[in-house]
Every structure is written in C-alpha cells, then in structure tokens.
$ cat coords_19.pdb   # PDB, C-alpha atoms and all ligand atoms
ATOM      1  CA  MET A 293     284.794 143.452  85.822
ATOM      2  CA  LYS A 294     287.092 140.676  84.590
ATOM      3  CA  SER A 295     289.752 139.383  86.939
ATOM      4  CA  ILE A 296     293.280 138.146  86.374
ATOM      5  CA  VAL A 297     295.910 136.221  88.278
ATOM      6  CA  ILE A 298     299.550 137.032  87.528
ATOM      7  CA  LEU A 299     302.345 134.429  87.800
ATOM      8  CA  ILE A 300     305.914 135.581  88.369
ATOM      9  CA  SER A 301     309.262 134.091  89.353
ATOM     10  CA  GLY A 302     311.487 137.112  89.908
ATOM     11  CA  ARG A 303     311.804 140.850  89.381
ATOM     12  CA  GLY A 304     308.200 141.371  88.340
ATOM     13  CA  SER A 305     308.568 144.518  86.251
ATOM     14  CA  ASN A 306     305.918 143.334  83.768
ATOM     15  CA  MET A 307     303.607 142.585  86.680
ATOM     16  CA  GLU A 308     304.297 146.089  87.976
ATOM     17  CA  SER A 309     303.425 147.627  84.604
ATOM     18  CA  LEU A 310     300.075 145.819  84.788
ATOM     19  CA  LEU A 311     299.428 146.942  88.368
ATOM     20  CA  ASN A 312     300.342 150.524  87.447
ATOM     21  CA  ALA A 313     297.991 150.447  84.469
ATOM     22  CA  VAL A 314     295.178 149.227  86.741
ATOM     23  CA  ALA A 315     295.961 151.936  89.311
ATOM     24  CA  SER A 316     295.994 154.672  86.661
ATOM     25  CA  GLY A 317     292.610 153.571  85.337
ATOM     26  CA  SER A 318     293.872 152.573  81.881
ATOM     27  CA  LEU A 319     293.384 148.846  82.515
ATOM     28  CA  PRO A 320     289.840 148.041  83.662
ATOM     29  CA  ILE A 321     290.421 144.694  85.371
ATOM     30  CA  CYS A 322     290.773 143.360  88.899
ATOM     31  CA  VAL A 323     294.063 141.702  89.884
ATOM     32  CA  ALA A 324     292.845 138.890  92.136
ATOM     33  CA  ALA A 325     296.298 137.664  93.171
ATOM     34  CA  VAL A 326     299.962 137.381  92.262
ATOM     35  CA  PHE A 327     301.510 133.927  92.465
ATOM     36  CA  SER A 328     305.164 132.948  92.516
ATOM     37  CA  ASN A 329     306.942 129.610  92.515
ATOM     38  CA  ARG A 330     309.763 131.265  94.486
ATOM     39  CA  ALA A 331     309.339 132.839  97.914
ATOM     40  CA  ASP A 332     312.233 135.225  97.219
ATOM     41  CA  ALA A 333     310.741 136.695  94.027
ATOM     42  CA  LYS A 334     311.284 140.451  94.254
ATOM     43  CA  GLY A 335     307.953 141.101  92.570
ATOM     44  CA  LEU A 336     306.063 139.644  95.547
ATOM     45  CA  GLU A 337     307.139 142.617  97.679
ATOM     46  CA  THR A 338     306.092 145.034  94.963
ATOM     47  CA  ALA A 339     302.652 143.424  94.704
ATOM     48  CA  ALA A 340     302.145 143.284  98.477
ATOM     49  CA  ALA A 341     303.144 146.952  98.801
ATOM     50  CA  LYS A 342     300.356 147.757  96.362
ATOM     51  CA  GLY A 343     297.849 145.798  98.441
ATOM     52  CA  ILE A 344     297.580 142.799  96.122
ATOM     53  CA  SER A 345     297.159 139.281  97.572
ATOM     54  CA  THR A 346     300.251 137.163  97.031
ATOM     55  CA  ARG A 347     300.693 133.398  97.149
ATOM     56  CA  VAL A 348     303.788 131.199  96.940
ATOM     57  CA  VAL A 349     303.593 127.666  95.573
ATOM     58  CA  ASP A 350     307.195 126.472  95.858
ATOM     59  CA  HIS A 351     308.024 124.028  93.074
ATOM     60  CA  GLN A 352     310.795 122.504  95.207
ATOM     61  CA  GLN A 353     308.162 121.087  97.542
ATOM     62  CA  PHE A 354     306.765 118.824  94.822
ATOM     63  CA  ALA A 355     308.088 115.516  93.555
ATOM     64  CA  SER A 356     307.170 116.132  89.924
ATOM     65  CA  ARG A 357     306.289 118.879  87.471
ATOM     66  CA  GLU A 358     302.791 117.440  87.208
ATOM     67  CA  ALA A 359     302.268 117.554  90.986
ATOM     68  CA  PHE A 360     303.441 121.174  91.155
ATOM     69  CA  ASP A 361     301.275 122.190  88.214
ATOM     70  CA  ALA A 362     298.232 120.494  89.752
ATOM     71  CA  ALA A 363     298.744 122.335  93.050
ATOM     72  CA  MET A 364     299.267 125.615  91.209
ATOM     73  CA  ALA A 365     296.126 125.144  89.101
ATOM     74  CA  GLU A 366     294.082 124.316  92.195
ATOM     75  CA  ALA A 367     295.377 127.401  94.028
ATOM     76  CA  ILE A 368     294.669 129.629  91.014
ATOM     77  CA  ASP A 369     291.167 128.190  90.571
ATOM     78  CA  VAL A 370     290.238 129.470  94.040
ATOM     79  CA  PHE A 371     290.209 132.949  92.462
ATOM     80  CA  SER A 372     288.280 131.888  89.318
ATOM     81  CA  PRO A 373     290.267 134.285  87.126
ATOM     82  CA  ASP A 374     289.117 135.131  83.601
ATOM     83  CA  LEU A 375     292.760 135.251  82.543
ATOM     84  CA  VAL A 376     296.055 133.870  83.860
ATOM     85  CA  VAL A 377     298.969 136.147  82.967
ATOM     86  CA  LEU A 378     302.505 134.730  82.895
ATOM     87  CA  ALA A 379     304.936 137.561  83.600
ATOM     88  CA  GLY A 380     308.446 136.191  83.831
ATOM     89  CA  PHE A 381     307.215 132.862  85.208
ATOM     90  CA  MET A 382     310.272 130.668  84.717
ATOM     91  CA  ARG A 383     308.692 127.225  84.741
ATOM     92  CA  ILE A 384     307.789 125.035  81.808
ATOM     93  CA  LEU A 385     304.113 124.201  82.231
ATOM     94  CA  SER A 386     302.722 120.725  81.671
ATOM     95  CA  ASP A 387     300.157 120.019  78.957
ATOM     96  CA  VAL A 388     297.528 119.353  81.622
ATOM     97  CA  PHE A 389     298.012 122.829  83.129
ATOM     98  CA  VAL A 390     297.989 124.520  79.723
ATOM     99  CA  ARG A 391     294.854 122.677  78.646
ATOM    100  CA  HIS A 392     293.131 123.491  81.948
ATOM    101  CA  PHE A 393     293.551 127.216  81.235
ATOM    102  CA  ALA A 394     293.252 126.994  77.439
ATOM    103  CA  GLY A 395     292.201 130.305  75.885
ATOM    104  CA  ARG A 396     292.758 132.164  79.149
ATOM    105  CA  LEU A 397     296.517 131.792  79.611
ATOM    106  CA  ILE A 398     298.907 134.325  78.065
ATOM    107  CA  ASN A 399     302.656 134.913  78.161
ATOM    108  CA  ILE A 400     305.105 137.633  77.237
ATOM    109  CA  HIS A 401     308.336 136.593  75.566
ATOM    110  CA  PRO A 402     311.351 138.841  74.905
ATOM    111  CA  SER A 403     311.724 138.205  71.162
ATOM    112  CA  LEU A 404     309.752 138.490  67.969
ATOM    113  CA  LEU A 405     308.406 134.926  67.965
ATOM    114  CA  PRO A 406     308.773 132.520  66.288
ATOM    115  CA  SER A 407     312.394 133.724  66.323
ATOM    116  CA  PHE A 408     314.349 132.966  69.476
ATOM    117  CA  PRO A 409     312.067 130.899  71.685
ATOM    118  CA  GLY A 410     313.665 129.866  74.990
ATOM    119  CA  LEU A 411     316.342 131.682  76.997
ATOM    120  CA  HIS A 412     319.042 134.291  76.248
ATOM    121  CA  THR A 413     317.000 135.864  73.473
ATOM    122  CA  HIS A 414     318.857 139.192  73.396
ATOM    123  CA  GLN A 415     322.282 137.589  73.237
ATOM    124  CA  ARG A 416     321.111 135.265  70.446
ATOM    125  CA  ALA A 417     319.617 138.181  68.523
ATOM    126  CA  LEU A 418     322.977 139.979  68.719
ATOM    127  CA  VAL A 419     324.884 136.892  67.570
ATOM    128  CA  GLU A 420     322.547 136.490  64.592
ATOM    129  CA  GLY A 421     322.908 140.152  63.724
ATOM    130  CA  VAL A 422     319.185 140.802  63.362
ATOM    131  CA  ARG A 423     318.349 144.465  62.804
ATOM    132  CA  VAL A 424     314.913 144.280  64.353
ATOM    133  CA  HIS A 425     314.171 142.592  67.687
ATOM    134  CA  GLY A 426     311.307 142.889  70.133
ATOM    135  CA  CYS A 427     308.736 141.130  72.236
ATOM    136  CA  THR A 428     305.598 139.064  71.782
ATOM    137  CA  VAL A 429     302.438 138.509  73.802
ATOM    138  CA  HIS A 430     300.801 135.197  72.919
ATOM    139  CA  PHE A 431     298.270 132.680  74.122
ATOM    140  CA  VAL A 432     300.041 129.705  75.661
ATOM    141  CA  THR A 433     299.890 126.309  74.015
ATOM    142  CA  PRO A 434     301.745 123.170  75.087
ATOM    143  CA  ALA A 435     304.711 124.040  72.797
ATOM    144  CA  LEU A 436     307.235 126.258  74.616
ATOM    145  CA  ASP A 437     307.097 129.950  73.599
ATOM    146  CA  HIS A 438     304.678 129.139  70.854
ATOM    147  CA  GLY A 439     301.025 129.884  70.443
ATOM    148  CA  PRO A 440     298.649 132.338  68.795
ATOM    149  CA  ILE A 441     300.225 135.783  68.730
ATOM    150  CA  ILE A 442     298.245 138.696  70.201
ATOM    151  CA  VAL A 443     300.642 141.618  69.814
ATOM    152  CA  GLN A 444     304.298 142.283  69.076
ATOM    153  CA  ALA A 445     306.492 145.344  69.505
ATOM    154  CA  ALA A 446     309.647 145.744  67.474
ATOM    155  CA  VAL A 447     312.754 147.742  68.332
ATOM    156  CA  PRO A 448     315.868 148.411  66.262
ATOM    157  CA  VAL A 449     319.134 146.711  67.140
ATOM    158  CA  LEU A 450     321.671 149.531  67.169
ATOM    159  CA  ASP A 451     325.387 149.491  66.464
ATOM    160  CA  GLY A 452     327.170 149.141  69.770
ATOM    161  CA  ASP A 453     324.278 147.380  71.480
ATOM    162  CA  ASP A 454     325.124 144.795  74.083
ATOM    163  CA  GLU A 455     322.771 142.392  75.822
ATOM    164  CA  THR A 456     321.990 144.940  78.560
ATOM    165  CA  SER A 457     321.126 147.850  76.283
ATOM    166  CA  LEU A 458     319.068 145.680  73.949
ATOM    167  CA  ALA A 459     317.212 144.019  76.841
ATOM    168  CA  ALA A 460     316.350 147.445  78.284
ATOM    169  CA  ARG A 461     314.998 148.677  74.926
ATOM    170  CA  VAL A 462     312.834 145.568  74.569
ATOM    171  CA  LEU A 463     311.675 145.659  78.213
ATOM    172  CA  ALA A 464     310.386 149.224  77.791
ATOM    173  CA  GLN A 465     308.163 147.900  75.002
ATOM    174  CA  GLU A 466     307.075 144.881  77.053
ATOM    175  CA  HIS A 467     305.742 147.318  79.637
ATOM    176  CA  GLN A 468     303.645 148.976  76.920
ATOM    177  CA  VAL A 469     302.223 145.960  75.126
ATOM    178  CA  TYR A 470     301.369 143.670  78.033
ATOM    179  CA  PRO A 471     298.850 146.062  79.625
ATOM    180  CA  LEU A 472     297.482 146.676  76.124
ATOM    181  CA  ALA A 473     296.964 142.966  75.436
ATOM    182  CA  VAL A 474     295.260 142.439  78.796
ATOM    183  CA  ARG A 475     293.014 145.434  78.129
ATOM    184  CA  TRP A 476     292.009 143.996  74.749
ATOM    185  CA  PHE A 477     291.181 140.719  76.483
ATOM    186  CA  ALA A 478     289.143 142.535  79.143
ATOM    187  CA  GLU A 479     287.267 144.440  76.448
ATOM    188  CA  GLY A 480     286.425 141.192  74.661
ATOM    189  CA  ARG A 481     288.398 142.184  71.561
ATOM    190  CA  LEU A 482     290.425 138.967  71.322
ATOM    191  CA  ARG A 483     289.034 135.733  70.008
ATOM    192  CA  LEU A 484     290.805 132.481  69.220
ATOM    193  CA  VAL A 485     289.583 131.163  65.888
ATOM    194  CA  ASP A 486     291.192 128.023  64.437
ATOM    195  CA  GLY A 487     294.296 128.596  66.512
ATOM    196  CA  ARG A 488     294.722 132.229  65.447
ATOM    197  CA  VAL A 489     293.895 135.424  67.269
ATOM    198  CA  GLU A 490     291.077 137.447  65.807
ATOM    199  CA  PHE A 491     291.412 141.050  66.896
ATOM    200  CA  ASN A 492     288.309 143.187  66.835
ATOM    201  CA  ALA A 493     289.660 146.664  66.165
ATOM    202  CA  PRO A 494     290.247 148.825  63.125
ATOM    203  CA  GLN A 495     293.685 148.029  61.723
ATOM    204  CA  ASP A 496     294.685 151.554  60.801
ATOM    205  CA  SER A 497     298.375 151.539  61.641
ATOM    206  CA  ALA A 498     299.792 149.573  58.734
ATOM    207  CA  GLY A 499     303.145 151.359  58.583
ATOM    208  CA  ALA A 500     306.531 149.717  58.224
ATOM    209  CA  LEU A 501     309.395 149.538  60.669
ATOM    210  CA  ILE A 502     312.714 149.536  58.848
ATOM    211  CA  SER A 503     316.018 149.162  60.627
ATOM    212  CA  PRO A 504     318.612 150.546  60.038
ATOM    213  CA  LEU A 505     316.710 153.717  59.127
ATOM    214  CA  MET A 506     316.914 154.849  55.512
ATOM    215  CA  ARG A 507     318.434 158.306  55.188
TER     216      ARG A 507
HETATM  217  C1  LIG B 601     310.719 139.529  80.659
HETATM  218  O1  LIG B 601     311.719 139.861  79.737
HETATM  219  C2  LIG B 601     309.685 138.634  80.013
HETATM  220  O2  LIG B 601     309.494 138.889  78.666
HETATM  221  C3  LIG B 601     310.286 137.263  80.208
HETATM  222  O3  LIG B 601     310.916 137.307  81.454
HETATM  223  C4  LIG B 601     311.256 138.651  81.780
HETATM  224  C5  LIG B 601     310.594 138.942  83.091
HETATM  225  O4  LIG B 601     310.925 140.210  83.588
HETATM  226  N1  LIG B 601     309.280 136.245  80.066
HETATM  227  P1  LIG B 601     310.077 140.820  84.782
HETATM  228  O5  LIG B 601     310.102 139.810  85.912
HETATM  229  O6  LIG B 601     308.687 141.057  84.289
HETATM  230  O7  LIG B 601     310.780 142.089  85.163
END

$ encode --input "coords_19.pdb" --output "structure tokens"
Amino acid sequence: MKSIVILISGRGSNMESLLNAVASGSLPICVAAVFSNRADAKGLETAAAKGISTRVVDHQQFASREAFDAAMAEAIDVFSPDLVVLAGFMRILSDVFVRHFAGRLINIHPSLLPSFPGLHTHQRALVEGVRVHGCTVHFVTPALDHGPIIVQAAVPVLDGDDETSLAARVLAQEHQVYPLAVRWFAEGRLRLVDGRVEFNAPQDSAGALISPLMR
C-alpha cells in the first residue's frame, strides 16, 4: 500500500477529510505521519486522536528558509512516503525542497488556478465579481500556487455571498476533491508528462457548469 505524509499549519480540516476517507475504506493508503511547522496547529490534536504519528518542525528554530526546509525534508524522508500532501501548510517552500519531492508533492489551493494564487482568494474573487469560484489540487512546482493541475471543483458565487459563506462552499468541495486526487495517485492513475497531468480514467462527465443558472 502506498504511504503519504501530510503537512499542515493550522485547522487541518483537509487533513481530517483525508484521514476520514482512509478510515471509511474509500482511500486505500497509509498515512505515515502528519507534520506541522507550528506546535499549536489544531490539526495535530485531530491527527493524534485518530492514532496518527505527529511531528513538529518549528520554522522559528531555523536561521533560514533553506535550513528549515532541509530539516523538514530529512524528517519526512524517515517515512519514505510515496506522496507528500500539503494541506493548509502556510510556508513557501524552497526550490531545493520542491525538487527533492518532485512528482510526489501536491497542494490544495482555494481558487480555480491560475486565478487568484496567494492569499485571501475568496475576498479577491468577490471583489472581481467572478460568478464561478472553487479549488484546485495540483502538483507543486517552484512557482507559488502553480503547477500541473490534477483536479478542480467549481462552485457558484451567489448574490449576498461574503467571504465566510463563499469560503465554506469552497471548503466543502476541497474535502471532496483532495481525497479523490490522493486516491487517483494511489491507484497509479496520475502521470506527469511534459509538465501536464495525464489522467488514466474515462472522461465521461463533460458537462458544463454555468453560473448564474439559466432559467
Ligand atoms: C484550505 O482552504 C486550503 O485550500 C488552503 O488552506 C486552507 C487550509 O484549511 N491551502 P484546513 O487547515 O485544511 O482546514
């Protein structure tokens, strides 16, 4: 069975959706450990309560980004994971770290990339007045919130939405697509070819999402 390591910095709800999928039998992988760069990350308690090994590598203890990343990579390598899953890990990773885990490092981002990389994605989506927003799971490359896209989920932006309501609608989709992407990886369905993701599955759901809905 393939194994993963999950990196978090805070709440850990995406991590929890992965752990729940494993527990329910819908995600056939082994979670070797959950890492955080912050000792107070709420998600660490959630993981420990589910019997998962947790590790803290505190970035404040290191003089440079490179030194922290090197320590993190070394600590992760102990578990020899097939895949490293960033789930709300709020650190920019150095090129060396990204290259070390190339092809086995994925991230979830709360926007339809390449729109709205970076922070405050929901607020920026509201300011721009987009009608469709969502989330993206992608392989990580040295460019921030960029990299070959594995799966996206789109949600409508509704009249009256604020940052909180829109974030909640997107987060519900994040909890669906991240376990799905990891399952595809575990099943060997994802391949990186010339910097693009090749997905080995019948593409039979070629509908359209239109927002606002036509009546
Ligand atoms: C999620 O919105 C994720 O897309 C982003 O950070 C947030 C983390 O939330 N990268 P959680 O810690 O998984 O609850």

$ closest_residue --input "coords_19.pdb" --among "A:Asp361, A:Asp350, A:Glu366, A:Glu308" --to "Ser328 (chain A)" --atoms "all atoms listed in the file"
A:Asp350

$ residues_near_ligand --input "coords_19.pdb" --ligand "ligand LIG 601 (chain B)" --cutoff "7 Å" --atoms "only C-alpha atoms and all ligand atoms" --output "number ranges by chain"
A: 300-307, 379-381, 400-402, 427, 463, 466

$ residues_around --input "coords_19.pdb" --residues "Ile321 (chain A)" --least-positions-apart "3" --cutoff "12 Å" --atoms "only C-alpha atoms" --output "list of chain:residue names"
A:Met293, A:Lys294, A:Ser295, A:Ile296, A:Val297, A:Leu310, A:Leu311, A:Asn312, A:Ala313, A:Val314, A:Ala315, A:Ser316, A:Gly317, A:Ser318, A:Ala324, A:Pro373, A:Asp374, A:Leu375, A:Pro471, A:Leu472, A:Val474, A:Arg475, A:Trp476, A:Phe477, A:Ala478, A:Glu479, A:Gly480

$ resolve_selection --input "coords_19.pdb" --expression "the PyMOL selection byres (((chain A and resi 446-456) around 10) and not hetatm)" --output "ChimeraX atom specification"
/A:403-404,412-418,421-428,444-445,457-462,464-466,501-505

$ closest_residue --input "coords_19.pdb" --among "A:Cys322, A:Ile344, A:Ala493, A:Val388" --to "Phe360 (chain A)" --atoms "all atoms listed in the file"
A:Val388

$ atom_distance --input "coords_19.pdb" --atom1 "CA of Val390 (chain A)" --atom2 "CA of Val376 (chain A)"
10.4 Å

$ residues_around --input "coords_19.pdb" --residues "Val429 (chain A)" --least-positions-apart "4" --cutoff "8 Å" --atoms "only C-alpha atoms" --output "NGL selection string"
:A and (398-401 or 441-444 or 469-470 or 473)

$ closest_residue --input "coords_19.pdb" --among "A:Arg347, A:His467, A:Lys342, A:Arg483" --to "Ala363 (chain A)" --atoms "only C-alpha atoms"
A:Arg347

$ resolve_selection --input "coords_19.pdb" --expression "the PyMOL selection byres (((chain A and resi 492) around 7) and not hetatm)" --output "list in words"
Arg481, Leu482, Glu490, Phe491 and Ala493 of chain A

$ atom_distance --input "coords_19.pdb" --atom1 "CA of Phe389 (chain A)" --atom2 "CA of His438 (chain A)"
15.3 Å

$ resolve_selection --input "coords_19.pdb" --expression "the PyMOL selection byres (((chain A and resi 434) around 9) and not hetatm)" --output "list in words"
Leu385, Ser386, Asp387, Val388, Phe389, Val390, Arg391, Val432, Thr433, Ala435, Leu436, Asp437, His438 and Gly439 of chain A

$ axis_aligned_box --input "coords_19.pdb" --around "region 413-431 of chain A" --padding-each-side "5 Å" --output "lines of an AutoDock Vina configuration file"
center_x = 311.6
center_y = 138.6
center_z = 68.5
size_x = 36.6
size_y = 21.8
size_z = 21.3

$ residues_around --input "coords_19.pdb" --residues "Phe327 (chain A)" --least-positions-apart "4" --cutoff "10 Å" --atoms "all atoms listed in the file" --output "list in words"
Val297, Ile298, Leu299, Ile300, Ser301, Ala331, Ala333, Gly335, Leu336, Ala339, Ser345, Thr346, Arg347, Val348, Val349, Asp350, Met364, Ala367, Ile368, Leu378 and Phe381 of chain A

$ write_last_selection --input "coords_19.pdb" --atoms "C-alpha atoms" --output "PDB file, in the frame of the given file"
ATOM      1  CA  VAL A 297     295.910 136.221  88.278  1.00  0.00           C
ATOM      2  CA  ILE A 298     299.550 137.032  87.528  1.00  0.00           C
ATOM      3  CA  LEU A 299     302.345 134.429  87.800  1.00  0.00           C
ATOM      4  CA  ILE A 300     305.914 135.581  88.369  1.00  0.00           C
ATOM      5  CA  SER A 301     309.262 134.091  89.353  1.00  0.00           C
ATOM      6  CA  ALA A 331     309.339 132.839  97.914  1.00  0.00           C
ATOM      7  CA  ALA A 333     310.741 136.695  94.027  1.00  0.00           C
ATOM      8  CA  GLY A 335     307.953 141.101  92.570  1.00  0.00           C
ATOM      9  CA  LEU A 336     306.063 139.644  95.547  1.00  0.00           C
ATOM     10  CA  ALA A 339     302.652 143.424  94.704  1.00  0.00           C
ATOM     11  CA  SER A 345     297.159 139.281  97.572  1.00  0.00           C
ATOM     12  CA  THR A 346     300.251 137.163  97.031  1.00  0.00           C
ATOM     13  CA  ARG A 347     300.693 133.398  97.149  1.00  0.00           C
ATOM     14  CA  VAL A 348     303.788 131.199  96.940  1.00  0.00           C
ATOM     15  CA  VAL A 349     303.593 127.666  95.573  1.00  0.00           C
ATOM     16  CA  ASP A 350     307.195 126.472  95.858  1.00  0.00           C
ATOM     17  CA  MET A 364     299.267 125.615  91.209  1.00  0.00           C
ATOM     18  CA  ALA A 367     295.377 127.401  94.028  1.00  0.00           C
ATOM     19  CA  ILE A 368     294.669 129.629  91.014  1.00  0.00           C
ATOM     20  CA  LEU A 378     302.505 134.730  82.895  1.00  0.00           C
ATOM     21  CA  PHE A 381     307.215 132.862  85.208  1.00  0.00           C
TER      22      PHE A 381
END

$ closest_residue --input "coords_19.pdb" --among "A:Phe431, A:Gly343, A:Thr338, A:Ala355" --to "Ala394 (chain A)" --atoms "all atoms listed in the file"
A:Phe431

$ atom_distance --input "coords_19.pdb" --atom1 "CA of Val485 (chain A)" --atom2 "CA of Phe393 (chain A)"
16.3 Å

$ decode --input "coords_19.pdb" --residues "region 436-446 of chain A" --atoms "all heavy atoms" --output "PDB file, in the first residue's frame"
ATOM      1  N   LEU A 436       4.950  29.650  -6.882  1.00  0.00           N
ATOM      2  CA  LEU A 436       3.916  29.586  -5.841  1.00  0.00           C
ATOM      3  C   LEU A 436       2.530  29.360  -6.445  1.00  0.00           C
ATOM      4  O   LEU A 436       2.117  30.067  -7.370  1.00  0.00           O
ATOM      5  CB  LEU A 436       3.924  30.896  -5.040  1.00  0.00           C
ATOM      6  CG  LEU A 436       2.890  30.986  -3.915  1.00  0.00           C
ATOM      7  CD1 LEU A 436       3.230  30.024  -2.787  1.00  0.00           C
ATOM      8  CD2 LEU A 436       2.777  32.408  -3.406  1.00  0.00           C
ATOM      9  N   ASP A 437       1.792  28.400  -5.890  1.00  0.00           N
ATOM     10  CA  ASP A 437       0.424  28.086  -6.333  1.00  0.00           C
ATOM     11  C   ASP A 437       0.348  27.922  -7.846  1.00  0.00           C
ATOM     12  O   ASP A 437      -0.545  28.465  -8.517  1.00  0.00           O
ATOM     13  CB  ASP A 437      -0.567  29.171  -5.861  1.00  0.00           C
ATOM     14  CG  ASP A 437      -0.651  29.200  -4.347  1.00  0.00           C
ATOM     15  OD1 ASP A 437      -0.469  28.156  -3.718  1.00  0.00           O
ATOM     16  OD2 ASP A 437      -0.895  30.295  -3.800  1.00  0.00           O
ATOM     17  N   HIS A 438       1.308  27.207  -8.354  1.00  0.00           N
ATOM     18  CA  HIS A 438       1.357  26.958  -9.783  1.00  0.00           C
ATOM     19  C   HIS A 438       1.747  25.499  -9.910  1.00  0.00           C
ATOM     20  O   HIS A 438       2.201  24.892  -8.973  1.00  0.00           O
ATOM     21  CB  HIS A 438       2.405  27.863 -10.425  1.00  0.00           C
ATOM     22  CG  HIS A 438       2.215  28.008 -11.888  1.00  0.00           C
ATOM     23  ND1 HIS A 438       1.247  28.830 -12.418  1.00  0.00           N
ATOM     24  CD2 HIS A 438       2.842  27.425 -12.936  1.00  0.00           C
ATOM     25  CE1 HIS A 438       1.307  28.749 -13.729  1.00  0.00           C
ATOM     26  NE2 HIS A 438       2.260  27.900 -14.072  1.00  0.00           N
ATOM     27  N   GLY A 439       1.559  24.928 -11.057  1.00  0.00           N
ATOM     28  CA  GLY A 439       1.973  23.546 -11.214  1.00  0.00           C
ATOM     29  C   GLY A 439       0.866  22.736 -11.844  1.00  0.00           C
ATOM     30  O   GLY A 439      -0.301  23.148 -11.826  1.00  0.00           O
ATOM     31  N   PRO A 440       1.224  21.585 -12.421  1.00  0.00           N
ATOM     32  CA  PRO A 440       0.268  20.781 -13.171  1.00  0.00           C
ATOM     33  C   PRO A 440      -0.999  20.464 -12.367  1.00  0.00           C
ATOM     34  O   PRO A 440      -0.926  19.953 -11.253  1.00  0.00           O
ATOM     35  CB  PRO A 440       1.069  19.515 -13.480  1.00  0.00           C
ATOM     36  CG  PRO A 440       2.498  19.944 -13.439  1.00  0.00           C
ATOM     37  CD  PRO A 440       2.569  21.009 -12.405  1.00  0.00           C
ATOM     38  N   ILE A 441      -2.127  20.793 -12.966  1.00  0.00           N
ATOM     39  CA  ILE A 441      -3.410  20.664 -12.264  1.00  0.00           C
ATOM     40  C   ILE A 441      -3.934  19.237 -12.349  1.00  0.00           C
ATOM     41  O   ILE A 441      -3.995  18.634 -13.424  1.00  0.00           O
ATOM     42  CB  ILE A 441      -4.428  21.668 -12.844  1.00  0.00           C
ATOM     43  CG1 ILE A 441      -4.005  23.093 -12.466  1.00  0.00           C
ATOM     44  CG2 ILE A 441      -5.837  21.369 -12.341  1.00  0.00           C
ATOM     45  CD1 ILE A 441      -4.830  24.184 -13.112  1.00  0.00           C
ATOM     46  N   ILE A 442      -4.332  18.693 -11.192  1.00  0.00           N
ATOM     47  CA  ILE A 442      -4.873  17.335 -11.105  1.00  0.00           C
ATOM     48  C   ILE A 442      -6.393  17.365 -11.177  1.00  0.00           C
ATOM     49  O   ILE A 442      -7.010  16.634 -11.946  1.00  0.00           O
ATOM     50  CB  ILE A 442      -4.409  16.655  -9.792  1.00  0.00           C
ATOM     51  CG1 ILE A 442      -2.883  16.539  -9.778  1.00  0.00           C
ATOM     52  CG2 ILE A 442      -5.081  15.294  -9.620  1.00  0.00           C
ATOM     53  CD1 ILE A 442      -2.305  16.155  -8.427  1.00  0.00           C
ATOM     54  N   VAL A 443      -7.011  18.196 -10.350  1.00  0.00           N
ATOM     55  CA  VAL A 443      -8.478  18.235 -10.314  1.00  0.00           C
ATOM     56  C   VAL A 443      -8.919  19.594  -9.780  1.00  0.00           C
ATOM     57  O   VAL A 443      -8.208  20.223  -8.980  1.00  0.00           O
ATOM     58  CB  VAL A 443      -9.045  17.076  -9.443  1.00  0.00           C
ATOM     59  CG1 VAL A 443      -8.567  17.145  -8.021  1.00  0.00           C
ATOM     60  CG2 VAL A 443     -10.571  17.001  -9.491  1.00  0.00           C
ATOM     61  N   GLN A 444     -10.055  20.049 -10.263  1.00  0.00           N
ATOM     62  CA  GLN A 444     -10.643  21.296  -9.768  1.00  0.00           C
ATOM     63  C   GLN A 444     -12.117  21.055  -9.477  1.00  0.00           C
ATOM     64  O   GLN A 444     -12.753  20.235 -10.150  1.00  0.00           O
ATOM     65  CB  GLN A 444     -10.515  22.422 -10.801  1.00  0.00           C
ATOM     66  CG  GLN A 444      -9.065  22.793 -11.093  1.00  0.00           C
ATOM     67  CD  GLN A 444      -8.934  23.961 -12.038  1.00  0.00           C
ATOM     68  OE1 GLN A 444      -9.443  23.912 -13.151  1.00  0.00           O
ATOM     69  NE2 GLN A 444      -8.236  24.995 -11.617  1.00  0.00           N
ATOM     70  N   ALA A 445     -12.636  21.777  -8.500  1.00  0.00           N
ATOM     71  CA  ALA A 445     -14.086  21.772  -8.256  1.00  0.00           C
ATOM     72  C   ALA A 445     -14.541  23.212  -8.292  1.00  0.00           C
ATOM     73  O   ALA A 445     -13.888  24.097  -7.726  1.00  0.00           O
ATOM     74  CB  ALA A 445     -14.407  21.150  -6.907  1.00  0.00           C
ATOM     75  N   ALA A 446     -15.641  23.443  -8.987  1.00  0.00           N
ATOM     76  CA  ALA A 446     -16.158  24.806  -9.118  1.00  0.00           C
ATOM     77  C   ALA A 446     -17.454  24.955  -8.321  1.00  0.00           C
ATOM     78  O   ALA A 446     -18.230  24.006  -8.209  1.00  0.00           O
ATOM     79  CB  ALA A 446     -16.417  25.116 -10.591  1.00  0.00           C
TER      80      ALA A 446
END
